[in-house]
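**Student:** Data file input25.cif (mmCIF, C-alpha atoms) is appended below.
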data_run
#
loop_
_atom_site.label_atom_id
_atom_site.label_comp_id
_atom_site.auth_asym_id
_atom_site.auth_seq_id
_atom_site.Cartn_x
_atom_site.Cartn_y
_atom_site.Cartn_z
CA MET A 1394 9.08 -26.77 -23.17
CA SER A 1395 8.20 -26.86 -19.46
CA ARG A 1396 6.82 -23.83 -17.72
CA GLN A 1397 10.08 -23.32 -15.88
CA ASP A 1398 12.05 -23.40 -19.16
CA ARG A 1399 9.79 -20.79 -20.74
CA VAL A 1400 11.10 -17.24 -21.11
CA LEU A 1401 8.49 -14.50 -20.76
CA ARG A 1402 8.75 -11.76 -23.39
CA VAL A 1403 8.48 -8.36 -21.71
CA GLY A 1404 7.34 -5.18 -23.40
CA VAL A 1405 8.20 -1.85 -21.78
CA PHE A 1406 5.45 0.75 -22.20
CA GLY A 1407 6.62 4.32 -21.61
CA LEU A 1408 10.09 5.83 -21.24
CA GLY A 1409 9.18 9.27 -19.87
CA HIS A 1410 9.73 7.97 -16.35
CA LEU A 1411 12.64 7.61 -13.93
CA HIS A 1412 12.49 3.81 -13.70
CA PRO A 1413 12.38 1.95 -17.06
CA ARG A 1414 16.13 1.94 -17.69
CA ALA A 1415 16.75 1.02 -14.05
CA TYR A 1416 14.52 -2.04 -14.49
CA MET A 1417 16.55 -3.41 -17.39
CA PRO A 1418 19.30 -5.00 -15.22
CA LEU A 1419 16.54 -6.70 -13.20
CA PHE A 1420 14.88 -8.23 -16.25
CA GLU A 1421 18.31 -9.28 -17.50
CA ALA A 1422 19.12 -10.94 -14.16
CA VAL A 1423 15.95 -13.07 -14.12
CA PRO A 1424 16.41 -16.05 -16.51
CA THR A 1425 12.67 -16.32 -17.16
CA THR A 1426 12.25 -12.73 -18.47
CA LYS A 1427 13.57 -10.98 -21.56
CA VAL A 1428 12.69 -7.47 -22.75
CA THR A 1429 11.99 -7.68 -26.49
CA ALA A 1430 10.28 -4.37 -27.31
CA VAL A 1431 9.53 -0.87 -26.11
CA MET A 1432 6.60 1.47 -26.75
CA GLU A 1433 7.23 5.21 -26.51
CA ALA A 1434 5.68 8.10 -28.46
CA ASP A 1435 8.79 10.29 -28.13
CA GLY A 1436 11.00 9.19 -31.00
CA SER A 1437 14.28 10.37 -29.47
CA LEU A 1438 13.68 8.48 -26.21
CA ARG A 1439 12.50 5.41 -28.12
CA ASP A 1440 15.44 5.37 -30.55
CA ALA A 1441 17.99 5.71 -27.75
CA PHE A 1442 16.43 2.82 -25.82
CA VAL A 1443 16.28 0.62 -28.93
CA ARG A 1444 19.93 1.38 -29.65
CA ASP A 1445 21.11 0.78 -26.09
CA PHE A 1446 19.21 -2.45 -25.44
CA GLY A 1447 18.74 -4.01 -28.87
CA VAL A 1448 14.96 -4.27 -28.76
CA ARG A 1449 12.20 -3.37 -31.22
CA GLY A 1450 10.53 0.04 -30.91
CA PHE A 1451 6.91 1.09 -31.36
CA ALA A 1452 5.17 4.45 -31.11
CA THR A 1453 1.76 3.34 -29.76
CA VAL A 1454 0.25 0.65 -27.58
CA ASP A 1455 -1.70 -0.81 -30.52
CA GLU A 1456 1.42 -0.98 -32.69
CA MET A 1457 3.26 -2.86 -29.96
CA LEU A 1458 0.43 -5.35 -29.45
CA MET A 1459 0.09 -5.97 -33.19
CA GLY A 1460 3.79 -6.05 -34.07
CA ASN A 1461 5.42 -7.69 -31.04
CA ARG A 1462 2.80 -8.78 -28.51
CA PRO A 1463 4.65 -9.49 -25.26
CA ASP A 1464 3.75 -11.92 -22.49
CA VAL A 1465 4.19 -9.19 -19.87
CA ALA A 1466 3.55 -5.45 -20.12
CA ALA A 1467 5.80 -3.37 -17.86
CA ILE A 1468 3.86 -0.09 -17.86
CA PHE A 1469 5.64 3.16 -16.95
CA LEU A 1470 3.31 5.62 -18.67
CA PRO A 1471 1.99 8.81 -17.05
CA HIS A 1472 -0.39 7.69 -14.32
CA ALA A 1473 -3.43 9.05 -16.15
CA ASP A 1474 -2.57 6.92 -19.22
CA CYS A 1475 -1.98 3.63 -17.41
CA PRO A 1476 -5.63 2.42 -17.26
CA ALA A 1477 -6.26 2.57 -21.04
CA ALA A 1478 -2.92 0.92 -21.84
CA ALA A 1479 -3.48 -1.79 -19.23
CA GLU A 1480 -6.98 -2.49 -20.54
CA ALA A 1481 -5.68 -2.88 -24.09
CA CYS A 1482 -2.89 -5.20 -22.95
CA ALA A 1483 -5.21 -7.30 -20.78
CA ALA A 1484 -7.67 -7.68 -23.66
CA ALA A 1485 -4.75 -9.06 -25.72
CA GLY A 1486 -3.95 -11.61 -22.99
CA VAL A 1487 -0.86 -9.79 -21.73
CA HIS A 1488 0.01 -9.94 -18.02
CA LEU A 1489 0.35 -6.57 -16.28
CA MET A 1490 3.20 -5.11 -14.25
CA VAL A 1491 1.92 -1.57 -13.71
CA GLU A 1492 4.24 0.86 -11.95
CA LYS A 1493 2.75 2.28 -8.77
CA PRO A 1494 0.45 4.05 -8.05
CA MET A 1495 -1.19 2.46 -11.17
CA ALA A 1496 -3.37 5.46 -12.06
CA ALA A 1497 -4.08 9.13 -11.37
CA ASP A 1498 -7.12 8.22 -9.24
CA VAL A 1499 -8.85 5.28 -7.58
CA ALA A 1500 -11.32 4.88 -10.45
CA GLY A 1501 -8.43 4.38 -12.88
CA ALA A 1502 -6.76 1.79 -10.67
CA GLU A 1503 -10.06 -0.06 -10.31
CA ARG A 1504 -10.38 -0.14 -14.11
CA ILE A 1505 -7.04 -1.95 -14.30
CA VAL A 1506 -8.04 -4.50 -11.66
CA GLN A 1507 -11.34 -5.18 -13.41
CA ALA A 1508 -9.65 -5.58 -16.79
CA ALA A 1509 -7.16 -8.10 -15.38
CA ARG A 1510 -9.96 -10.15 -13.85
CA ARG A 1511 -12.16 -9.93 -16.93
CA HIS A 1512 -9.42 -11.22 -19.23
CA GLY A 1513 -7.77 -13.65 -16.78
CA VAL A 1514 -4.30 -12.09 -16.70
CA LYS A 1515 -1.99 -11.58 -13.74
CA LEU A 1516 -1.56 -8.08 -12.30
CA THR A 1517 0.99 -6.64 -9.93
CA THR A 1518 2.25 -3.18 -8.98
CA GLY A 1519 5.58 -1.92 -7.70
CA TYR A 1520 5.31 -2.00 -3.90
CA CYS A 1521 8.62 -3.82 -3.68
CA TRP A 1522 9.46 -2.64 -0.15
CA ARG A 1523 7.48 -5.65 1.11
CA LEU A 1524 10.24 -7.80 -0.36
CA HIS A 1525 13.05 -6.27 1.71
CA PRO A 1526 14.30 -8.81 4.32
CA VAL A 1527 14.24 -6.12 7.03
CA ALA A 1528 10.59 -5.38 6.24
CA ALA A 1529 9.81 -9.09 6.54
CA GLU A 1530 11.45 -9.24 9.98
CA PHE A 1531 9.73 -6.00 11.00
CA LYS A 1532 6.37 -7.57 10.14
CA ARG A 1533 7.24 -10.83 11.92
CA LEU A 1534 8.17 -9.00 15.10
CA ILE A 1535 4.93 -7.00 15.08
CA GLN A 1536 2.82 -10.08 14.44
CA SER A 1537 4.67 -12.09 17.12
CA GLY A 1538 3.66 -9.58 19.80
CA VAL A 1539 7.20 -8.50 20.69
CA ILE A 1540 6.09 -4.89 21.11
CA GLY A 1541 2.61 -5.69 22.38
CA ARG A 1542 -0.37 -4.04 20.72
CA PRO A 1543 0.78 -1.46 18.11
CA VAL A 1544 -0.37 1.98 19.21
CA GLY A 1545 1.53 4.53 17.14
CA ALA A 1546 3.83 4.57 14.13
CA GLU A 1547 5.84 6.97 12.00
CA GLY A 1548 6.91 6.96 8.39
CA ARG A 1549 9.18 9.47 6.65
CA CYS A 1550 9.94 9.35 2.95
CA ALA A 1551 11.70 12.30 1.34
CA ALA A 1552 13.35 11.62 -2.00
CA GLY A 1553 14.86 14.22 -4.27
CA ARG A 1554 13.54 17.52 -5.53
CA LEU A 1555 10.97 18.38 -8.17
CA THR A 1556 13.72 19.02 -10.70
CA ARG A 1557 14.59 15.32 -10.90
CA TYR A 1558 11.42 14.76 -12.91
CA ILE A 1559 12.42 17.44 -15.40
CA ASP A 1560 15.90 15.96 -15.71
CA GLY A 1561 14.42 12.44 -15.98
CA HIS A 1562 12.13 13.24 -18.95
CA ALA A 1563 9.04 13.00 -16.73
CA PRO A 1564 7.66 16.57 -16.41
CA TRP A 1565 4.14 15.13 -16.36
CA MET A 1566 4.84 14.10 -12.76
CA LEU A 1567 4.51 17.77 -11.83
CA ARG A 1568 1.04 18.12 -13.38
CA LYS A 1569 -1.76 16.90 -11.14
CA ALA A 1570 -4.04 15.94 -14.04
CA ARG A 1571 -1.37 13.53 -15.33
CA SER A 1572 0.18 12.25 -12.10
CA GLY A 1573 -2.70 12.49 -9.62
CA GLY A 1574 -0.75 14.61 -7.18
CA GLY A 1575 2.57 15.22 -5.48
CA PRO A 1576 4.75 13.20 -3.12
CA MET A 1577 1.93 11.41 -1.29
CA TYR A 1578 0.73 10.03 -4.64
CA ASN A 1579 4.15 8.97 -5.83
CA LEU A 1580 6.12 8.21 -2.64
CA GLY A 1581 3.64 8.03 0.23
CA VAL A 1582 1.88 5.07 -1.36
CA HIS A 1583 5.00 2.97 -0.65
CA TRP A 1584 4.77 3.58 3.10
CA ILE A 1585 0.96 3.28 3.14
CA ASP A 1586 1.24 -0.13 1.53
CA LEU A 1587 4.10 -1.19 3.80
CA PHE A 1588 2.26 -0.25 7.01
CA ARG A 1589 -0.91 -2.01 5.75
CA TRP A 1590 1.16 -5.11 5.14
CA MET A 1591 3.25 -5.03 8.33
CA LEU A 1592 0.30 -4.27 10.62
CA GLY A 1593 -2.05 -6.65 8.80
CA ASP A 1594 -4.73 -3.98 9.02
CA GLU A 1595 -6.56 -1.36 6.95
CA VAL A 1596 -6.77 2.42 7.26
CA VAL A 1597 -10.28 3.55 8.14
CA GLU A 1598 -9.79 7.30 8.60
CA ALA A 1599 -7.28 9.93 7.49
CA SER A 1600 -6.27 13.50 8.26
CA GLY A 1601 -3.92 15.33 5.92
CA THR A 1602 -2.23 18.63 5.16
CA ASN A 1603 -0.37 19.47 1.96
CA VAL A 1604 2.26 22.22 1.81
CA LYS A 1605 3.12 23.88 -1.48
CA VAL A 1606 6.49 25.60 -1.79
CA ASN A 1607 6.99 25.72 -5.55
CA THR A 1608 5.22 28.33 -7.69
CA GLN A 1609 5.63 26.71 -11.11
CA TYR A 1610 3.49 23.58 -10.75
CA ASP A 1611 0.07 22.58 -9.42
CA ILE A 1612 1.28 19.83 -7.08
CA GLU A 1613 2.41 20.15 -3.47
CA ASP A 1614 6.02 19.63 -2.39
CA ASN A 1615 5.24 18.19 1.05
CA SER A 1616 2.37 16.09 2.39
CA PHE A 1617 1.67 15.21 6.02
CA ALA A 1618 -0.93 12.73 7.20
CA HIS A 1619 -2.30 10.85 10.18
CA LEU A 1620 -3.86 7.49 9.41
CA ARG A 1621 -6.09 5.62 11.84
CA PHE A 1622 -6.18 1.85 11.34
CA SER A 1623 -9.18 -0.31 12.23
CA LYS A 1624 -7.42 -1.87 15.26
CA GLY A 1625 -6.51 1.55 16.67
CA THR A 1626 -2.94 2.14 15.47
CA VAL A 1627 -2.31 5.75 14.38
CA VAL A 1628 0.42 6.29 11.78
CA ALA A 1629 2.03 9.70 11.12
CA LEU A 1630 3.48 10.22 7.62
CA ASP A 1631 5.91 12.91 6.45
CA ILE A 1632 6.31 12.65 2.67
CA SER A 1633 8.34 15.17 0.71
CA TYR A 1634 10.06 16.30 -2.47
CA THR A 1635 12.24 18.77 -0.54
CA VAL A 1636 15.13 16.66 0.75
CA PRO A 1637 18.41 18.61 0.27
CA ASP A 1638 20.61 17.52 -2.62
CA SER A 1639 23.43 16.99 -0.11
CA PHE A 1640 21.42 14.46 1.94
CA PRO A 1641 23.19 11.05 2.02
CA HIS A 1642 22.11 8.97 -0.99
CA GLY A 1643 19.50 11.63 -1.79
CA ARG A 1644 16.82 10.08 0.43
CA ASP A 1645 15.55 10.47 3.99
CA LEU A 1646 13.74 7.24 4.90
CA TYR A 1647 12.44 6.08 8.29
CA LEU A 1648 9.82 3.75 9.76
CA ALA A 1649 8.93 3.03 13.38
CA VAL A 1650 6.15 1.30 15.29
CA ARG A 1651 5.55 1.68 19.03
CA GLY A 1652 3.43 -0.75 21.00
CA THR A 1653 2.23 -1.26 24.55
CA CYS A 1654 5.51 -2.93 25.60
CA GLY A 1655 8.15 -2.03 23.03
CA ALA A 1656 9.22 -0.34 19.83
CA ILE A 1657 10.82 -1.14 16.47
CA SER A 1658 12.55 1.31 14.13
CA TRP A 1659 14.38 1.18 10.82
CA SER A 1660 16.13 3.74 8.65
CA PRO A 1661 16.25 1.95 5.28
CA ALA A 1662 19.55 2.19 3.47
CA TYR A 1663 17.83 1.54 0.13
CA GLU A 1664 20.25 -0.12 -2.32
CA GLY A 1665 23.00 -2.48 -1.26
CA GLN A 1666 23.98 -0.61 1.88
CA LYS A 1667 23.92 -1.78 5.49
CA ASP A 1668 20.53 -1.74 7.20
CA GLU A 1669 19.87 -1.93 10.94
CA LEU A 1670 16.63 -2.92 12.62
CA PHE A 1671 16.39 -1.62 16.19
CA VAL A 1672 14.09 -3.48 18.61
CA CYS A 1673 13.47 -2.41 22.20
CA SER A 1674 11.16 -4.47 24.40
CA ASP A 1675 10.85 -6.52 27.59
CA HIS A 1676 9.28 -9.39 25.65
CA PRO A 1677 10.72 -12.88 26.39
CA GLU A 1678 11.75 -13.30 22.73
CA LEU A 1679 14.61 -10.93 23.38
CA ALA A 1680 16.03 -13.46 25.86
CA GLY A 1681 16.50 -11.05 28.73
CA SER A 1682 18.03 -8.26 26.67
CA PRO A 1683 15.79 -5.17 26.57
CA GLN A 1684 17.09 -4.13 23.17
CA ARG A 1685 18.62 -5.59 20.04
CA VAL A 1686 20.13 -4.18 16.86
CA GLN A 1687 20.06 -6.53 13.90
CA PRO A 1688 22.45 -5.59 11.09
CA TYR A 1689 21.62 -6.55 7.51
CA GLU A 1690 24.10 -6.25 4.67
CA LEU A 1691 22.25 -7.05 1.47
CA PRO A 1692 23.97 -8.35 -1.66
CA SER A 1693 24.65 -5.70 -4.26
CA VAL A 1694 22.14 -6.01 -7.10
CA LYS A 1695 22.15 -3.69 -10.09
CA GLY A 1696 18.86 -2.06 -11.01
CA TYR A 1697 15.88 -0.33 -9.49
CA SER A 1698 15.62 -0.96 -5.72
CA GLY A 1699 18.40 -3.56 -5.79
CA LEU A 1700 17.48 -6.88 -4.20
CA MET A 1701 13.87 -5.75 -3.66
CA GLY A 1702 13.44 -4.99 -7.34
CA LEU A 1703 15.01 -8.28 -8.34
CA GLU A 1704 12.65 -10.25 -6.11
CA TYR A 1705 9.72 -8.25 -7.44
CA VAL A 1706 10.49 -9.16 -11.06
CA ARG A 1707 11.41 -12.75 -10.23
CA GLY A 1708 8.30 -13.21 -8.10
CA PHE A 1709 5.92 -11.95 -10.77
CA ALA A 1710 7.49 -14.16 -13.43
CA ASP A 1711 7.16 -17.13 -11.08
CA ALA A 1712 3.49 -16.27 -10.41
CA ILE A 1713 2.78 -16.30 -14.15
CA LEU A 1714 4.70 -19.49 -14.89
CA ASN A 1715 3.21 -21.38 -11.94
CA ASP A 1716 -0.28 -19.86 -12.18
CA ARG A 1717 -0.42 -18.46 -8.68
CA ASP A 1718 -1.42 -15.10 -7.26
CA PRO A 1719 1.27 -12.39 -7.23
CA VAL A 1720 2.55 -11.39 -3.80
CA ILE A 1721 1.56 -7.78 -4.50
CA SER A 1722 -1.85 -7.47 -6.12
CA GLY A 1723 -3.82 -4.87 -8.00
CA ASP A 1724 -6.15 -4.71 -5.00
CA ASP A 1725 -3.16 -3.58 -2.93
CA GLY A 1726 -2.67 -0.75 -5.40
CA VAL A 1727 -6.31 0.31 -5.13
CA ALA A 1728 -6.20 0.18 -1.31
CA ALA A 1729 -3.17 2.50 -1.15
CA LEU A 1730 -4.76 5.03 -3.52
CA LYS A 1731 -7.98 5.07 -1.50
CA VAL A 1732 -5.94 6.20 1.50
CA VAL A 1733 -4.14 8.87 -0.55
CA GLU A 1734 -7.43 10.24 -1.86
CA ALA A 1735 -8.73 10.43 1.73
CA VAL A 1736 -5.60 12.41 2.70
CA TYR A 1737 -6.17 14.87 -0.13
CA ARG A 1738 -9.88 15.16 0.70
CA SER A 1739 -9.00 15.85 4.32
CA ASP A 1740 -6.64 18.63 3.24
CA ARG A 1741 -9.46 20.27 1.27
CA GLU A 1742 -12.14 19.82 3.95
CA ARG A 1743 -9.86 20.43 6.98
CA LYS A 1744 -11.17 17.46 8.95
CA TRP A 1745 -10.71 13.73 9.45
CA VAL A 1746 -12.40 11.82 6.64
CA PRO A 1747 -13.25 8.12 6.24
CA VAL A 1748 -11.42 5.93 3.75
CA ILE A 1749 -14.11 4.72 1.36
CA ARG A 1750 -14.21 0.96 0.87
#
Rewrite the coordinates I just gave you, this time as structure tokens.

**Tutor:**
Amino acid sequence: MSRQDRVLRVGVFGLGHLHPRAYMPLFEAVPTTKVTAVMEADGSLRDAFVRDFGVRGFATVDEMLMGNRPDVAAIFLPHADCPAAAEACAAAGVHLMVEKPMAADVAGAERIVQAARRHGVKLTTGYCWRLHPVAAEFKRLIQSGVIGRPVGAEGRCAAGRLTRYIDGHAPWMLRKARSGGGPMYNLGVHWIDLFRWMLGDEVVEASGTNVKVNTQYDIEDNSFAHLRFSKGTVVALDISYTVPDSFPHGRDLYLAVRGTCGAISWSPAYEGQKDELFVCSDHPELAGSPQRVQPYELPSVKGYSGLMGLEYVRGFADAILNDRDPVISGDDGVAALKVVEAVYRSDRERKWVPVIR
């Protein structure tokens, strides 16, 4: 059997999360992946998944590795539990697809990266926004110099309320010791990674403020940050769990970059809806027109993040089968968490703090 004819057996680790079921259509749509087993300590969640998808069920990581060792571990455990599970899987020669942010702290994420290197397995994490065609064009325009030198940028990501984690069998998300923190930990990392990637630069300093509205949990509901990149760009982030239920599609998403001679903005439509990339500049690439709106209508793809999620799964399978580096690496996951930890440290110390490298 050639590498391209091989089908990678996927094991899902953890069901107390919003995403595992949403990933199933993606794995089903990629011919080189097939989910064969699930690991979940909660018997009711495990039994329902086994029944609905016709896979084998296991209660612990060790049971899964002994009874149905997969080729790929898709890990959706509480963030604090991801490092130990990933280390066990890597030691068994299983490739790692660890849901972002990979761990409840930088040290945990670094453990996963080290384990993957030590045992020679591939590692990726779920920063799939890089795989959106609008994001690719956004990056190309920045790198081409259409807006000149990037000076300032904005990112807004508000998605749902705290109650969605209760309803989605993931109450651990609301406990800092298990999740690492609130929206900046779970949502802000997406935009941190995307700006790192689009700007081709690293954050060197951060200033942050967290705002707590809820009284039941020990995480914040809103997180605001300014990030200073090494080449001088300053990015303002507004990350929240307080978007109204009535907000269209339940999400308020926005990205913009302003440079010395132009600006680019995008309000992502998320799944299968029409996106528009707005560019305003006097650069010659716009052929005499000072502004341009590029519409994108993506194909409808079932599953988490639609086309982005599909390309994420397909790309990682291809990296394994062709022995190449994944597009999104474990090091990317560590880099994003280092920025988040600087934001949280800034909130405590009430000053700009460096991002530790």

**Student:** Have a look at A:Arg1399, A:Arg1504, A:His1525, A:Arg1533 and name the one nearest to Asp1464 in chain A; count all atoms listed in the file.

**Tutor:**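 Once distances to Asp1464 in chain A are computed over all atoms listed in the file, the minimum belongs to A:Arg1399.
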
**Student:** Any chance you could resolve the PyMOL selection byres ((chain A and resi 1643) around 12) against this file and give the residues as a ChimeraX atom specification?

**Tutor:** /A:1550-1554,1557,1633-1642,1644-1646,1662-1664

**Student:** If we count all atoms listed in the file, what is near Val1597 in chain A at a cut-off of 7 Å, once residues fewer than 6 positions away on the same chain are taken out, given as a count of residues only?

**Tutor:** 5

**Student:** With a distance cut-off of 12 Å and only C-alpha atoms, select the neighbouring residues of Met1566 in chain A, excluding the residue or stretch itself and same-chain residues fewer than 3 positions from it, and output the selection as an NGL selection string.

**Tutor:** :A and (1409-1411 or 1469-1473 or 1494 or 1496-1497 or 1554-1563 or 1569-1576 or 1578-1580 or 1610-1614 or 1634)

**Student:** Identify the residues within 8 Å of coordinate (16.2, -0.3, -12.5) (same frame as the file), considering only C-alpha atoms, and give the answer as a list of chain:residue names.

**Tutor:**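 Using only C-alpha atoms, the matching residues come out as A:His1412, A:Pro1413, A:Arg1414, A:Ala1415, A:Tyr1416, A:Met1417, A:Pro1418, A:Leu1419, A:Lys1695, A:Gly1696, A:Tyr1697, A:Ser1698, A:Gly1699, A:Gly1702.
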
**Student:** Pull C-alpha atoms from the residues just selected and write them as an mmCIF file, in the coordinates of the input.

**Tutor:**
data_model
loop_
_atom_site.group_PDB
_atom_site.id
_atom_site.type_symbol
_atom_site.label_atom_id
_atom_site.label_comp_id
_atom_site.auth_asym_id
_atom_site.auth_seq_id
_atom_site.Cartn_x
_atom_site.Cartn_y
_atom_site.Cartn_z
ATOM 1 C CA HIS A 1412 12.490 3.810 -13.700
ATOM 2 C CA PRO A 1413 12.380 1.950 -17.060
ATOM 3 C CA ARG A 1414 16.130 1.940 -17.690
ATOM 4 C CA ALA A 1415 16.750 1.020 -14.050
ATOM 5 C CA TYR A 1416 14.520 -2.040 -14.490
ATOM 6 C CA MET A 1417 16.550 -3.410 -17.390
ATOM 7 C CA PRO A 1418 19.300 -5.000 -15.220
ATOM 8 C CA LEU A 1419 16.540 -6.700 -13.200
ATOM 9 C CA LYS A 1695 22.150 -3.690 -10.090
ATOM 10 C CA GLY A 1696 18.860 -2.060 -11.010
ATOM 11 C CA TYR A 1697 15.880 -0.330 -9.490
ATOM 12 C CA SER A 1698 15.620 -0.960 -5.720
ATOM 13 C CA GLY A 1699 18.400 -3.560 -5.790
ATOM 14 C CA GLY A 1702 13.440 -4.990 -7.340
#

**Student:** Determine, using only C-alpha atoms, which residues of range 1624-1687 of chain A have any atom at most 9 Å from an atom of range 1539-1545 of chain A, and tabulate each with its shortest atom pair and distance in Å to one decimal place, rows ordered by chain and then rising number, as JSON lines.

**Tutor:**
{"residue": "A:Lys1624", "atom": "CA", "partner": "A:Pro1543", "partner_atom": "CA", "distance": 8.7}
{"residue": "A:Gly1625", "atom": "CA", "partner": "A:Val1544", "partner_atom": "CA", "distance": 6.7}
{"residue": "A:Thr1626", "atom": "CA", "partner": "A:Val1544", "partner_atom": "CA", "distance": 4.5}
{"residue": "A:Val1627", "atom": "CA", "partner": "A:Gly1545", "partner_atom": "CA", "distance": 4.9}
{"residue": "A:Val1628", "atom": "CA", "partner": "A:Gly1545", "partner_atom": "CA", "distance": 5.7}
{"residue": "A:Ala1629", "atom": "CA", "partner": "A:Gly1545", "partner_atom": "CA", "distance": 8.0}
{"residue": "A:Ala1649", "atom": "CA", "partner": "A:Gly1545", "partner_atom": "CA", "distance": 8.4}
{"residue": "A:Val1650", "atom": "CA", "partner": "A:Gly1545", "partner_atom": "CA", "distance": 5.9}
{"residue": "A:Arg1651", "atom": "CA", "partner": "A:Gly1545", "partner_atom": "CA", "distance": 5.3}
{"residue": "A:Gly1652", "atom": "CA", "partner": "A:Pro1543", "partner_atom": "CA", "distance": 4.0}
{"residue": "A:Thr1653", "atom": "CA", "partner": "A:Gly1541", "partner_atom": "CA", "distance": 4.9}
{"residue": "A:Cys1654", "atom": "CA", "partner": "A:Ile1540", "partner_atom": "CA", "distance": 4.9}
{"residue": "A:Gly1655", "atom": "CA", "partner": "A:Ile1540", "partner_atom": "CA", "distance": 4.0}
{"residue": "A:Ala1656", "atom": "CA", "partner": "A:Ile1540", "partner_atom": "CA", "distance": 5.7}
{"residue": "A:Ile1657", "atom": "CA", "partner": "A:Ile1540", "partner_atom": "CA", "distance": 7.6}
{"residue": "A:Val1672", "atom": "CA", "partner": "A:Ile1540", "partner_atom": "CA", "distance": 8.5}
{"residue": "A:Cys1673", "atom": "CA", "partner": "A:Ile1540", "partner_atom": "CA", "distance": 7.9}
{"residue": "A:Ser1674", "atom": "CA", "partner": "A:Ile1540", "partner_atom": "CA", "distance": 6.1}
{"residue": "A:Asp1675", "atom": "CA", "partner": "A:Val1539", "partner_atom": "CA", "distance": 8.1}
{"residue": "A:His1676", "atom": "CA", "partner": "A:Val1539", "partner_atom": "CA", "distance": 5.5}
{"residue": "A:Pro1677", "atom": "CA", "partner": "A:Val1539", "partner_atom": "CA", "distance": 8.0}
{"residue": "A:Glu1678", "atom": "CA", "partner": "A:Val1539", "partner_atom": "CA", "distance": 6.9}
{"residue": "A:Leu1679", "atom": "CA", "partner": "A:Val1539", "partner_atom": "CA", "distance": 8.2}

**Student:** For Leu1587 in chain A, find every residue with an atom within 10 Å (counting only C-alpha atoms), except residues of its own chain fewer than 3 positions away, and show them as a list in words.

**Tutor:**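 Listed by chain and then number, they are Tyr1520, Cys1521, Trp1522, Arg1523, Leu1524, Ala1528, Lys1532, Gly1548, Gly1581, Val1582, His1583, Trp1584, Trp1590, Met1591, Leu1592, Gly1593, Leu1648 and Ala1729 of chain A.
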
**Student:** Can you pull out the residues contacting range 1400-1408 of chain A? Cut-off 7 Å, using all atoms listed in the file, and skip same-chain residues under 2 positions away; I want them as a ChimeraX atom specification.

**Tutor:** /A:1398,1410,1413,1425-1433,1438,1463-1470

**Student:** Quote the spacing between CA of Leu1489 in chain A and CA of Asp1716 in chain A in Å to one decimal place.

**Tutor:**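 So the answer is 13.9 Å.
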
**Student:** Would you mind reading off the distance between CA of Lys1493 in chain A and CA of Ala1618 in chain A, one decimal, in Å?

**Tutor:** 19.4 Å

**Student:** From the list A:Ile1632, A:Glu1492, A:Ala1481, A:Glu1421, which residue is nearest Gly1519 in chain A when using all atoms listed in the file?

**Tutor:**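 Of all the options, A:Glu1492 lies closest to Gly1519 in chain A.
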
**Student:** Can you give me, as a PyMOL selection string, the residues this file yields under the PyMOL selection byres ((chain A and resi 1450) around 10)?

**Tutor:** chain A and resi 1404-1405+1429-1434+1436+1439-1444+1447-1449+1451-1453+1456-1457+1460-1461

**Student:** Which of these, A:Gly1513, A:Pro1688, A:Gly1501, A:Pro1424, has the shortest distance to Cys1482 in chain A once you count all atoms listed in the file?

**Tutor:** A:Gly1513

**Student:** I need the residue nearest Gly1723 in chain A from this list: A:Ala1477, A:Met1495, A:Ala1484, A:Ala1422. Use only C-alpha atoms for the distance.

**Tutor:**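 Using only C-alpha atoms, the shortest distance to Gly1723 in chain A belongs to A:Met1495.
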
**Student:** Evaluate the PyMOL selection byres ((chain A and resi 1517) around 9) and record the selected residues as a list in words, following the chain and residue labels used in the document.

**Tutor:**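 What the PyMOL selection byres ((chain A and resi 1517) around 9) grabs from the file is His1488, Leu1489, Met1490, Val1491, Glu1492, Lys1515, Leu1516, Thr1518, Gly1519, Tyr1520, Phe1709, Pro1719, Val1720, Ile1721, Ser1722, Gly1723, Asp1724, Asp1725 and Gly1726 of chain A.
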
**Student:** Go through A:Val1732, A:Leu1670, A:Ala1500, A:Val1686 one by one, measure the shortest atom-to-atom distance of each to Glu1530 in chain A using only C-alpha atoms, and give the residue with the smallest value.

**Tutor:** A:Leu1670

**Student:** Would you mind reading off the distance between CA of Glu1595 in chain A and CA of Leu1630 in chain A, one decimal, in Å?

**Tutor:**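 These two atoms are separated by 15.3 Å.
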
**Student:** Could I get range 1549-1554 of chain A rebuilt with N, CA and C atoms, written as a compact mmCIF listing (two decimals), keeping the file's coordinate frame?

**Tutor:**
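This went into part_4.txt:
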# COMPACT_ATOMS: atom_id res chain seq x y z
N ARG A 1549 8.63 8.29 7.33
CA ARG A 1549 9.18 9.47 6.65
C ARG A 1549 9.79 9.02 5.33
N CYS A 1550 9.39 9.68 4.27
CA CYS A 1550 9.94 9.35 2.95
C CYS A 1550 10.13 10.64 2.17
N ALA A 1551 11.36 11.10 2.10
CA ALA A 1551 11.70 12.30 1.34
C ALA A 1551 12.74 11.88 0.31
N ALA A 1552 12.45 12.11 -0.95
CA ALA A 1552 13.35 11.62 -2.00
C ALA A 1552 13.47 12.63 -3.13
N GLY A 1553 14.57 13.33 -3.16
CA GLY A 1553 14.86 14.22 -4.27
C GLY A 1553 14.03 15.48 -4.31
N ARG A 1554 14.28 16.28 -5.32
CA ARG A 1554 13.54 17.52 -5.53
C ARG A 1554 12.71 17.41 -6.80
